[in-house]
Amino acid sequence: MTRTLRDQQRYPAQHAGRDESAAPPAVGFAYDRHTWKEIVHLLANLPMALIGWVYVVVMVVLGLGLSITVIGLPLLAAGLLGVRQLGKLERARARALLGVRIEEPTPIPASPSKHGGFFSWLWTSLKDPVAWRNVLYEFVRLPWGILTFAVTLVSLIVAWPALGFIARGLGNVDRMMARALLSPSDELERRIAELESDRGVVVDTAAADLRRIERDLHDGAQARLVALAMGLGLAKEKVLEDPEAAAAMVDEAHGEVKLALQELRDLARGIHPAVLTDRGLDAALSSVASRCTVPVKVAVDLPARPAPAIEGIAYFTVSELLQNVSKHSRARGASAEVWRAGDRLLIQVEDDGVGGARLDGGSGMAGLAERLGAVDGLLVLESPVGGPTVVTAELPWRDRGPQD
C-alpha cells in the first residue's frame with residue numbers, strides 16, 4: 001500500500017475529491033514546494049527587473065540617440081538581440097519557478113553574414129516583434145518587481161498565514177504577463193517553422209526525383225542505346241562480308257530501339273504523363289488503374305480541373321498508393337475516389353487486403369505523407385490487421401489560371 005493511499009485512508013476528509021495530478025496544488029498553511037517556488041520568484045523579481053530595466057533604457061537611449069550616426073541603428077539592433085537573451089532568461093525562470101511552459105521563438109541570426117547581408121540582418125533585427133515585446137516586458141517589470149518584492153517580503157514577516165494565497169495571486173499575474181509578452185507570435189512562428197520544414201522536404205524530394213531519373217536513364221535507355229550503337233557498328237562491318245548476319249544484327253538492333261523507346265515513354269510518364277496534361281485526372285487515373293495487378297474502380301467527381309501542380313500531386317499520390325496495393329496488400333479488389341470538398345481536394349484509396357500497413361512500415365507511406373505535408377496536405381491511414389486498408393489524402397484546392 002503506497003503512502004498516498006494510506007494517507008487517504010487515515011484522513012479521508014482531507015483527500016476527498018483531491019486530484020493528485022493537479023499542479024500546483026491548493027494553497028494551505030503548510031506550504032509545499034510550488035508555493036515556495038512562487039515566493040522565491042516574487043522575491044527575485046526586483047533584482048531581475050532592475051537588470052532588465054537598466055539594460056533596456058541604456059540600449060534604447062543609446063540606439064535611438066545615436067540613430068543619426070552610422071553606429072546608432074546597428075547598436076540598437078545588437079541591443080535588441082541582447083533583449084532576446086533577457087527574454088530567454090525570463091522564460092527559463094518562469095519555467096523553473098512558476099511552471100509556465102513558453103515556446104522559444106525562432107532565433108534571429110546573430111551575424112549579418114548568416115542573414116543575406118548586413119542591411120537585411122539590420123532590418124530584420126530592428127522590426128523583430130519578439131524583441132520589442134521583450135522590451136515592453138522589461139519596462140513594465142520594474143514597478144511590478146518593486147511591488148511584488150515589497151508585498152512578499154512584508155507578508156513573509158507579518159502576514160505568514162496569508163502568504164501562500166498572496167504568492168499564488170501575484171504568481172498568477174506573473175504567469176499571465178509572461179505568456180502575453182514573452183511568448184512567440186504563435187501563428188506566425190508555427191507557420192515559419194512549418195514552411196522551413198516543408199522547404200527542406202521539397203528540396204529533398206526534388207533531389208531524390210532527379211537521382212531516380214538519372215539512375216533510370218543510366219541503367220535503362222542509355223545502356224540500351226550504347227548496346228544499339230555497338231550492334232549497328234558490327235552490322236556495318238558485316239554488310240559486305242556476311243549480309244545475312246548483318247541483317248540479323250539490324251533486326252536485333254531494331255528490337256533494342258523499340259525497348260529503348262518504351263523505357264523512355266515509361267520514364268516520361270513517371271515525370272508527368274501526357275494523358276494527365278491532355279485529359280485530366282479521370283483518364284490518367286484510369287490508365288494507372290489498368291496497370292495495377294488488382295482490379296481497381298476509379299471515381300473522379302470534380303467540377304473543374306485543379307491547378308496543374310495540385311493535379312500532378314494528386315495523380316502521383318494515387319499512383320503510389322495503387323503500387324502499394326499491388327505489392328503489399330494481397331487484395332482482391334480496390335477503389336480510388338477523388339472529389340472536392342470546399343477548398344480541399346480529397347483522395348481515398350481503399351483495398352480489401354490483409355491490412356497492417358503503417359506509416360513507418362517501409363512501404364513509402366512516410367515519404368508520401370511528408371510530400372503532402374510540404375504543400376499543406378494531409379495523409380490519414382487506417383489499416384487494421386486483417387483489413388481493409390483505407391488511405392485518405394487531402395490537398396489544398398487551387399483553381400487553374402488562364403495560362404494553364
# chains A, B, ... in the order shown; residues from 1 in each chain; ligands from 1
>>> residues_around(residues="Ala247 of chain A", least_positions_apart="6", cutoff="10 Å", atoms="only C-alpha atoms", output="ChimeraX atom specification")
/A:235-236,238-239,253
>>> write_last_selection(atoms="C-alpha atoms", output="JSON list (two decimals), in the first residue's frame")
[["chain", "number", "residue", "atom", "x", "y", "z"],
["A", 235, "ALA", "CA", 26.42, -4.84, -88.56],
["A", 236, "LYS", "CA", 28.00, -2.11, -90.68],
["A", 238, "LYS", "CA", 29.49, -7.27, -91.83],
["A", 239, "VAL", "CA", 27.24, -5.79, -94.52],
["A", 253, "ALA", "CA", 19.08, -3.52, -83.10]]
>>> residues_around(residues="segment 35-48 of chain A", least_positions_apart="5", cutoff="9 Å", atoms="only C-alpha atoms", output="JSON, numbers by chain")
{"A": [24, 25, 27, 53, 90, 93, 94, 96, 97, 98, 141, 142, 143, 144, 145, 146, 147, 148, 149, 150, 152, 153, 156, 163, 164, 165, 167, 168, 170, 171, 174]}
>>> write_last_selection(atoms="N, CA and C atoms", output="PDB file, in the first residue's frame")
ATOM      1  N   PRO A  24      -0.200  23.658  -9.788  1.00  0.00           N
ATOM      2  CA  PRO A  24       0.186  23.405  -8.406  1.00  0.00           C
ATOM      3  C   PRO A  24      -1.019  23.081  -7.535  1.00  0.00           C
ATOM      4  N   PRO A  25      -0.827  22.383  -6.392  1.00  0.00           N
ATOM      5  CA  PRO A  25      -1.939  22.021  -5.506  1.00  0.00           C
ATOM      6  C   PRO A  25      -2.479  23.229  -4.754  1.00  0.00           C
ATOM      7  N   VAL A  27      -3.401  25.960  -1.987  1.00  0.00           N
ATOM      8  CA  VAL A  27      -2.533  26.609  -1.001  1.00  0.00           C
ATOM      9  C   VAL A  27      -3.043  26.296   0.407  1.00  0.00           C
ATOM     10  N   TRP A  53      15.633  46.487 -16.732  1.00  0.00           N
ATOM     11  CA  TRP A  53      15.221  47.879 -16.974  1.00  0.00           C
ATOM     12  C   TRP A  53      16.431  48.749 -17.318  1.00  0.00           C
ATOM     13  N   GLU A  90      14.220  35.021 -18.741  1.00  0.00           N
ATOM     14  CA  GLU A  90      12.962  35.142 -18.003  1.00  0.00           C
ATOM     15  C   GLU A  90      12.050  33.939 -18.269  1.00  0.00           C
ATOM     16  N   ARG A  93      13.332  31.200 -16.122  1.00  0.00           N
ATOM     17  CA  ARG A  93      12.978  31.427 -14.710  1.00  0.00           C
ATOM     18  C   ARG A  93      11.503  31.113 -14.463  1.00  0.00           C
ATOM     19  N   ALA A  94      10.641  31.538 -15.395  1.00  0.00           N
ATOM     20  CA  ALA A  94       9.211  31.239 -15.242  1.00  0.00           C
ATOM     21  C   ALA A  94       8.953  29.745 -15.336  1.00  0.00           C
ATOM     22  N   ALA A  96      11.067  27.339 -14.471  1.00  0.00           N
ATOM     23  CA  ALA A  96      11.600  26.639 -13.304  1.00  0.00           C
ATOM     24  C   ALA A  96      10.810  26.940 -12.038  1.00  0.00           C
ATOM     25  N   LEU A  97      10.352  28.191 -11.860  1.00  0.00           N
ATOM     26  CA  LEU A  97       9.730  28.591 -10.593  1.00  0.00           C
ATOM     27  C   LEU A  97       8.215  28.698 -10.660  1.00  0.00           C
ATOM     28  N   LEU A  98       7.660  28.999 -11.826  1.00  0.00           N
ATOM     29  CA  LEU A  98       6.207  29.149 -11.939  1.00  0.00           C
ATOM     30  C   LEU A  98       5.543  28.010 -12.695  1.00  0.00           C
ATOM     31  N   ARG A 141       8.269  45.682 -15.918  1.00  0.00           N
ATOM     32  CA  ARG A 141       8.643  44.803 -14.823  1.00  0.00           C
ATOM     33  C   ARG A 141       9.204  45.567 -13.621  1.00  0.00           C
ATOM     34  N   LEU A 142       9.774  46.755 -13.831  1.00  0.00           N
ATOM     35  CA  LEU A 142      10.386  47.437 -12.691  1.00  0.00           C
ATOM     36  C   LEU A 142       9.351  47.825 -11.640  1.00  0.00           C
ATOM     37  N   PRO A 143       8.290  48.555 -11.975  1.00  0.00           N
ATOM     38  CA  PRO A 143       7.294  48.838 -10.930  1.00  0.00           C
ATOM     39  C   PRO A 143       6.637  47.581 -10.385  1.00  0.00           C
ATOM     40  N   TRP A 144       6.414  46.612 -11.263  1.00  0.00           N
ATOM     41  CA  TRP A 144       5.812  45.362 -10.785  1.00  0.00           C
ATOM     42  C   TRP A 144       6.787  44.599  -9.885  1.00  0.00           C
ATOM     43  N   GLY A 145       8.070  44.626 -10.210  1.00  0.00           N
ATOM     44  CA  GLY A 145       9.057  43.951  -9.370  1.00  0.00           C
ATOM     45  C   GLY A 145       9.170  44.594  -7.999  1.00  0.00           C
ATOM     46  N   ILE A 146       9.109  45.922  -7.956  1.00  0.00           N
ATOM     47  CA  ILE A 146       9.145  46.615  -6.658  1.00  0.00           C
ATOM     48  C   ILE A 146       7.930  46.233  -5.822  1.00  0.00           C
ATOM     49  N   LEU A 147       6.745  46.225  -6.463  1.00  0.00           N
ATOM     50  CA  LEU A 147       5.512  45.891  -5.738  1.00  0.00           C
ATOM     51  C   LEU A 147       5.554  44.472  -5.196  1.00  0.00           C
ATOM     52  N   THR A 148       5.896  43.495  -6.065  1.00  0.00           N
ATOM     53  CA  THR A 148       5.876  42.088  -5.624  1.00  0.00           C
ATOM     54  C   THR A 148       6.941  41.828  -4.561  1.00  0.00           C
ATOM     55  N   PHE A 149       8.115  42.449  -4.696  1.00  0.00           N
ATOM     56  CA  PHE A 149       9.154  42.255  -3.681  1.00  0.00           C
ATOM     57  C   PHE A 149       8.700  42.798  -2.334  1.00  0.00           C
ATOM     58  N   ALA A 150       8.127  44.002  -2.345  1.00  0.00           N
ATOM     59  CA  ALA A 150       7.709  44.618  -1.087  1.00  0.00           C
ATOM     60  C   ALA A 150       6.572  43.839  -0.434  1.00  0.00           C
ATOM     61  N   THR A 152       5.643  40.682  -0.901  1.00  0.00           N
ATOM     62  CA  THR A 152       6.057  39.338  -0.486  1.00  0.00           C
ATOM     63  C   THR A 152       6.928  39.410   0.766  1.00  0.00           C
ATOM     64  N   LEU A 153       7.846  40.363   0.819  1.00  0.00           N
ATOM     65  CA  LEU A 153       8.728  40.468   1.974  1.00  0.00           C
ATOM     66  C   LEU A 153       7.946  40.843   3.227  1.00  0.00           C
ATOM     67  N   LEU A 156       5.919  37.896   4.302  1.00  0.00           N
ATOM     68  CA  LEU A 156       6.765  36.857   4.877  1.00  0.00           C
ATOM     69  C   LEU A 156       7.068  37.137   6.347  1.00  0.00           C
ATOM     70  N   LEU A 163       0.436  34.367   3.388  1.00  0.00           N
ATOM     71  CA  LEU A 163       1.486  34.494   2.377  1.00  0.00           C
ATOM     72  C   LEU A 163       1.260  33.576   1.185  1.00  0.00           C
ATOM     73  N   GLY A 164       0.818  32.367   1.457  1.00  0.00           N
ATOM     74  CA  GLY A 164       0.608  31.422   0.366  1.00  0.00           C
ATOM     75  C   GLY A 164      -0.421  31.912  -0.640  1.00  0.00           C
ATOM     76  N   PHE A 165      -1.541  32.476  -0.128  1.00  0.00           N
ATOM     77  CA  PHE A 165      -2.578  32.986  -1.023  1.00  0.00           C
ATOM     78  C   PHE A 165      -2.107  34.233  -1.774  1.00  0.00           C
ATOM     79  N   ALA A 167       1.057  34.921  -2.514  1.00  0.00           N
ATOM     80  CA  ALA A 167       2.033  34.468  -3.506  1.00  0.00           C
ATOM     81  C   ALA A 167       1.339  33.840  -4.712  1.00  0.00           C
ATOM     82  N   ARG A 168       0.261  33.089  -4.464  1.00  0.00           N
ATOM     83  CA  ARG A 168      -0.448  32.475  -5.583  1.00  0.00           C
ATOM     84  C   ARG A 168      -1.082  33.522  -6.486  1.00  0.00           C
ATOM     85  N   LEU A 170      -0.200  36.824  -6.833  1.00  0.00           N
ATOM     86  CA  LEU A 170       0.840  37.564  -7.551  1.00  0.00           C
ATOM     87  C   LEU A 170       1.513  36.685  -8.606  1.00  0.00           C
ATOM     88  N   GLY A 171       1.706  35.409  -8.279  1.00  0.00           N
ATOM     89  CA  GLY A 171       2.310  34.491  -9.246  1.00  0.00           C
ATOM     90  C   GLY A 171       1.440  34.302 -10.482  1.00  0.00           C
ATOM     91  N   ASP A 174       2.029  37.153 -12.699  1.00  0.00           N
ATOM     92  CA  ASP A 174       3.303  36.948 -13.378  1.00  0.00           C
ATOM     93  C   ASP A 174       3.165  35.964 -14.531  1.00  0.00           C
TER      94      ASP A 174
END
>>> residues_around(residues="Ala309 of chain A", least_positions_apart="3", cutoff="10 Å", atoms="only C-alpha atoms", output="VMD selection string")
chain A and resid 306 312 to 315 375 398 400
>>> write_last_selection(atoms="all heavy atoms", output="PDB file, in the first residue's frame")
ATOM      1  N   PRO A 306      -8.202  21.083 -61.240  1.00  0.00           N
ATOM      2  CA  PRO A 306      -7.427  21.959 -60.342  1.00  0.00           C
ATOM      3  C   PRO A 306      -6.174  22.467 -61.039  1.00  0.00           C
ATOM      4  O   PRO A 306      -5.896  22.149 -62.197  1.00  0.00           O
ATOM      5  CB  PRO A 306      -7.083  21.017 -59.184  1.00  0.00           C
ATOM      6  CG  PRO A 306      -7.051  19.660 -59.807  1.00  0.00           C
ATOM      7  CD  PRO A 306      -8.091  19.666 -60.882  1.00  0.00           C
ATOM      8  N   GLY A 312      -1.029  17.229 -60.520  1.00  0.00           N
ATOM      9  CA  GLY A 312       0.099  16.309 -60.593  1.00  0.00           C
ATOM     10  C   GLY A 312       0.346  15.589 -59.281  1.00  0.00           C
ATOM     11  O   GLY A 312       0.610  14.380 -59.258  1.00  0.00           O
ATOM     12  N   ILE A 313       0.256  16.312 -58.167  1.00  0.00           N
ATOM     13  CA  ILE A 313       0.466  15.675 -56.858  1.00  0.00           C
ATOM     14  C   ILE A 313      -0.621  14.647 -56.590  1.00  0.00           C
ATOM     15  O   ILE A 313      -0.351  13.549 -56.079  1.00  0.00           O
ATOM     16  CB  ILE A 313       0.501  16.745 -55.753  1.00  0.00           C
ATOM     17  CG1 ILE A 313       1.718  17.648 -55.932  1.00  0.00           C
ATOM     18  CG2 ILE A 313       0.534  16.103 -54.374  1.00  0.00           C
ATOM     19  CD1 ILE A 313       1.730  18.841 -55.009  1.00  0.00           C
ATOM     20  N   ALA A 314      -1.872  14.963 -56.941  1.00  0.00           N
ATOM     21  CA  ALA A 314      -2.959  14.002 -56.759  1.00  0.00           C
ATOM     22  C   ALA A 314      -2.722  12.751 -57.592  1.00  0.00           C
ATOM     23  O   ALA A 314      -2.942  11.620 -57.126  1.00  0.00           O
ATOM     24  CB  ALA A 314      -4.289  14.652 -57.129  1.00  0.00           C
ATOM     25  N   TYR A 315      -2.267  12.929 -58.824  1.00  0.00           N
ATOM     26  CA  TYR A 315      -2.012  11.778 -59.700  1.00  0.00           C
ATOM     27  C   TYR A 315      -0.934  10.873 -59.103  1.00  0.00           C
ATOM     28  O   TYR A 315      -1.113   9.645 -59.009  1.00  0.00           O
ATOM     29  CB  TYR A 315      -1.578  12.266 -61.085  1.00  0.00           C
ATOM     30  CG  TYR A 315      -1.046  11.170 -61.973  1.00  0.00           C
ATOM     31  CD1 TYR A 315      -1.913  10.348 -62.690  1.00  0.00           C
ATOM     32  CD2 TYR A 315       0.326  10.952 -62.081  1.00  0.00           C
ATOM     33  CE1 TYR A 315      -1.414   9.332 -63.497  1.00  0.00           C
ATOM     34  CE2 TYR A 315       0.827   9.943 -62.882  1.00  0.00           C
ATOM     35  CZ  TYR A 315      -0.049   9.135 -63.588  1.00  0.00           C
ATOM     36  OH  TYR A 315       0.441   8.126 -64.373  1.00  0.00           O
ATOM     37  N   VAL A 375       2.952  20.657 -49.091  1.00  0.00           N
ATOM     38  CA  VAL A 375       2.034  21.543 -49.821  1.00  0.00           C
ATOM     39  C   VAL A 375       0.755  21.772 -49.019  1.00  0.00           C
ATOM     40  O   VAL A 375      -0.316  21.984 -49.586  1.00  0.00           O
ATOM     41  CB  VAL A 375       1.715  20.967 -51.221  1.00  0.00           C
ATOM     42  CG1 VAL A 375       2.935  20.980 -52.098  1.00  0.00           C
ATOM     43  CG2 VAL A 375       1.133  19.561 -51.130  1.00  0.00           C
ATOM     44  N   ARG A 398      -6.682  24.569 -55.654  1.00  0.00           N
ATOM     45  CA  ARG A 398      -6.342  25.827 -56.327  1.00  0.00           C
ATOM     46  C   ARG A 398      -6.880  25.763 -57.740  1.00  0.00           C
ATOM     47  O   ARG A 398      -6.654  24.774 -58.450  1.00  0.00           O
ATOM     48  CB  ARG A 398      -4.819  26.057 -56.336  1.00  0.00           C
ATOM     49  CG  ARG A 398      -4.241  26.341 -54.984  1.00  0.00           C
ATOM     50  CD  ARG A 398      -2.971  27.185 -55.079  1.00  0.00           C
ATOM     51  NE  ARG A 398      -1.971  26.568 -55.892  1.00  0.00           N
ATOM     52  CZ  ARG A 398      -1.003  25.767 -55.442  1.00  0.00           C
ATOM     53  NH1 ARG A 398      -0.953  25.488 -54.142  1.00  0.00           N
ATOM     54  NH2 ARG A 398      -0.121  25.238 -56.248  1.00  0.00           N
ATOM     55  N   ARG A 400      -7.325  26.627 -61.723  1.00  0.00           N
ATOM     56  CA  ARG A 400      -6.390  26.847 -62.820  1.00  0.00           C
ATOM     57  C   ARG A 400      -6.380  28.300 -63.232  1.00  0.00           C
ATOM     58  O   ARG A 400      -7.428  28.956 -63.261  1.00  0.00           O
ATOM     59  CB  ARG A 400      -6.772  25.987 -64.030  1.00  0.00           C
ATOM     60  CG  ARG A 400      -6.432  24.531 -63.832  1.00  0.00           C
ATOM     61  CD  ARG A 400      -6.702  23.708 -65.077  1.00  0.00           C
ATOM     62  NE  ARG A 400      -6.009  22.439 -64.918  1.00  0.00           N
ATOM     63  CZ  ARG A 400      -5.031  21.999 -65.681  1.00  0.00           C
ATOM     64  NH1 ARG A 400      -4.615  22.751 -66.683  1.00  0.00           N
ATOM     65  NH2 ARG A 400      -4.455  20.845 -65.478  1.00  0.00           N
TER      66      ARG A 400
END
>>> select_by_dssp(residues="segment 59-182 of chain A", states="helix (DSSP H, G or I)", output="ChimeraX atom specification")
/A:59-65,72-97,112-114,118-126,129-158,160-182
>>> closest_residue(among="A:Glu370, A:Asp278, A:Glu320, A:Glu241", to="Cys292 of chain A", atoms="only C-alpha atoms")
A:Glu320
>>> residues_around(residues="Val354 of chain A", least_positions_apart="3", cutoff="12 Å", atoms="only C-alpha atoms", output="PyMOL selection string")
chain A and resi 325+327-333+350-351+357+383-390
>>> write_last_selection(atoms="N, CA and C atoms", output="compact mmCIF listing (two decimals), in the first residue's frame")
# COMPACT_ATOMS: atom_id res chain seq x y z
N VAL A 325 -0.76 -1.15 -53.15
CA VAL A 325 -1.80 -2.18 -53.19
C VAL A 325 -1.30 -3.39 -53.97
N LYS A 327 1.82 -4.35 -54.51
CA LYS A 327 2.99 -5.02 -53.94
C LYS A 327 2.71 -5.68 -52.59
N HIS A 328 1.89 -5.04 -51.76
CA HIS A 328 1.83 -5.45 -50.35
C HIS A 328 0.47 -5.95 -49.86
N SER A 329 -0.61 -5.60 -50.53
CA SER A 329 -1.93 -5.79 -49.90
C SER A 329 -2.48 -7.20 -49.99
N ARG A 330 -2.13 -7.94 -51.07
CA ARG A 330 -2.76 -9.24 -51.37
C ARG A 330 -4.29 -9.10 -51.42
N ALA A 331 -4.72 -8.00 -52.02
CA ALA A 331 -6.16 -7.70 -52.08
C ALA A 331 -6.78 -8.33 -53.33
N ARG A 332 -8.10 -8.49 -53.28
CA ARG A 332 -8.86 -8.97 -54.44
C ARG A 332 -9.47 -7.82 -55.22
N GLY A 333 -9.57 -6.67 -54.61
CA GLY A 333 -10.14 -5.52 -55.28
C GLY A 333 -9.79 -4.24 -54.54
N GLU A 350 -8.91 2.58 -51.20
CA GLU A 350 -9.30 1.51 -50.29
C GLU A 350 -9.06 0.16 -50.95
N ASP A 351 -8.61 -0.81 -50.16
CA ASP A 351 -8.46 -2.18 -50.67
C ASP A 351 -8.92 -3.16 -49.60
N ALA A 357 -0.86 -2.07 -42.58
CA ALA A 357 0.07 -1.05 -43.09
C ALA A 357 0.31 0.02 -42.04
N SER A 383 -5.55 1.04 -41.20
CA SER A 383 -5.24 -0.28 -41.74
C SER A 383 -5.13 -1.30 -40.62
N PRO A 384 -6.26 -1.71 -40.06
CA PRO A 384 -6.20 -2.75 -39.01
C PRO A 384 -5.73 -4.07 -39.60
N VAL A 385 -5.15 -4.89 -38.76
CA VAL A 385 -4.70 -6.21 -39.20
C VAL A 385 -5.91 -7.01 -39.67
N GLY A 386 -5.81 -7.57 -40.86
CA GLY A 386 -6.94 -8.28 -41.45
C GLY A 386 -7.72 -7.45 -42.44
N GLY A 387 -7.41 -6.12 -42.47
CA GLY A 387 -8.03 -5.24 -43.45
C GLY A 387 -9.39 -4.73 -43.02
N PRO A 388 -10.01 -3.89 -43.82
CA PRO A 388 -9.46 -3.30 -45.05
C PRO A 388 -8.52 -2.14 -44.73
N THR A 389 -7.82 -1.69 -45.75
CA THR A 389 -6.93 -0.54 -45.63
C THR A 389 -7.55 0.65 -46.35
N VAL A 390 -7.68 1.76 -45.64
CA VAL A 390 -8.25 2.98 -46.22
C VAL A 390 -7.24 4.11 -46.03
>>> closest_residue(among="A:Asp251, A:Trp339, A:Pro105, A:Val257", to="Leu225 of chain A", atoms="only C-alpha atoms")
A:Val257
>>> select_by_dssp(residues="segment 243-383 of chain A", states="strand (DSSP E or B)", output="ChimeraX atom specification")
/A:296-301,306,334-341,344-351,378-382
>>> residues_around(residues="Ser286 of chain A", least_positions_apart="4", cutoff="12 Å", atoms="only C-alpha atoms", output="ChimeraX atom specification")
/A:275-276,279-282,290-292,295-300,315,318-319,322,335-338
>>> atom_distance(atom1="atom CA of Val294 of chain A", atom2="atom CA of Leu372 of chain A")
24.9 Å
>>> atom_distance(atom1="atom CA of Arg95 of chain A", atom2="atom CA of Leu136 of chain A")
19.9 Å
>>> closest_residue(among="A:Ala260, A:Leu86, A:Leu76, A:Leu232", to="Leu62 of chain A", atoms="only C-alpha atoms")
A:Leu76
>>> closest_residue(among="A:Glu104, A:Asp301, A:Glu237, A:Asp242", to="Ala341 of chain A", atoms="only C-alpha atoms")
A:Asp301
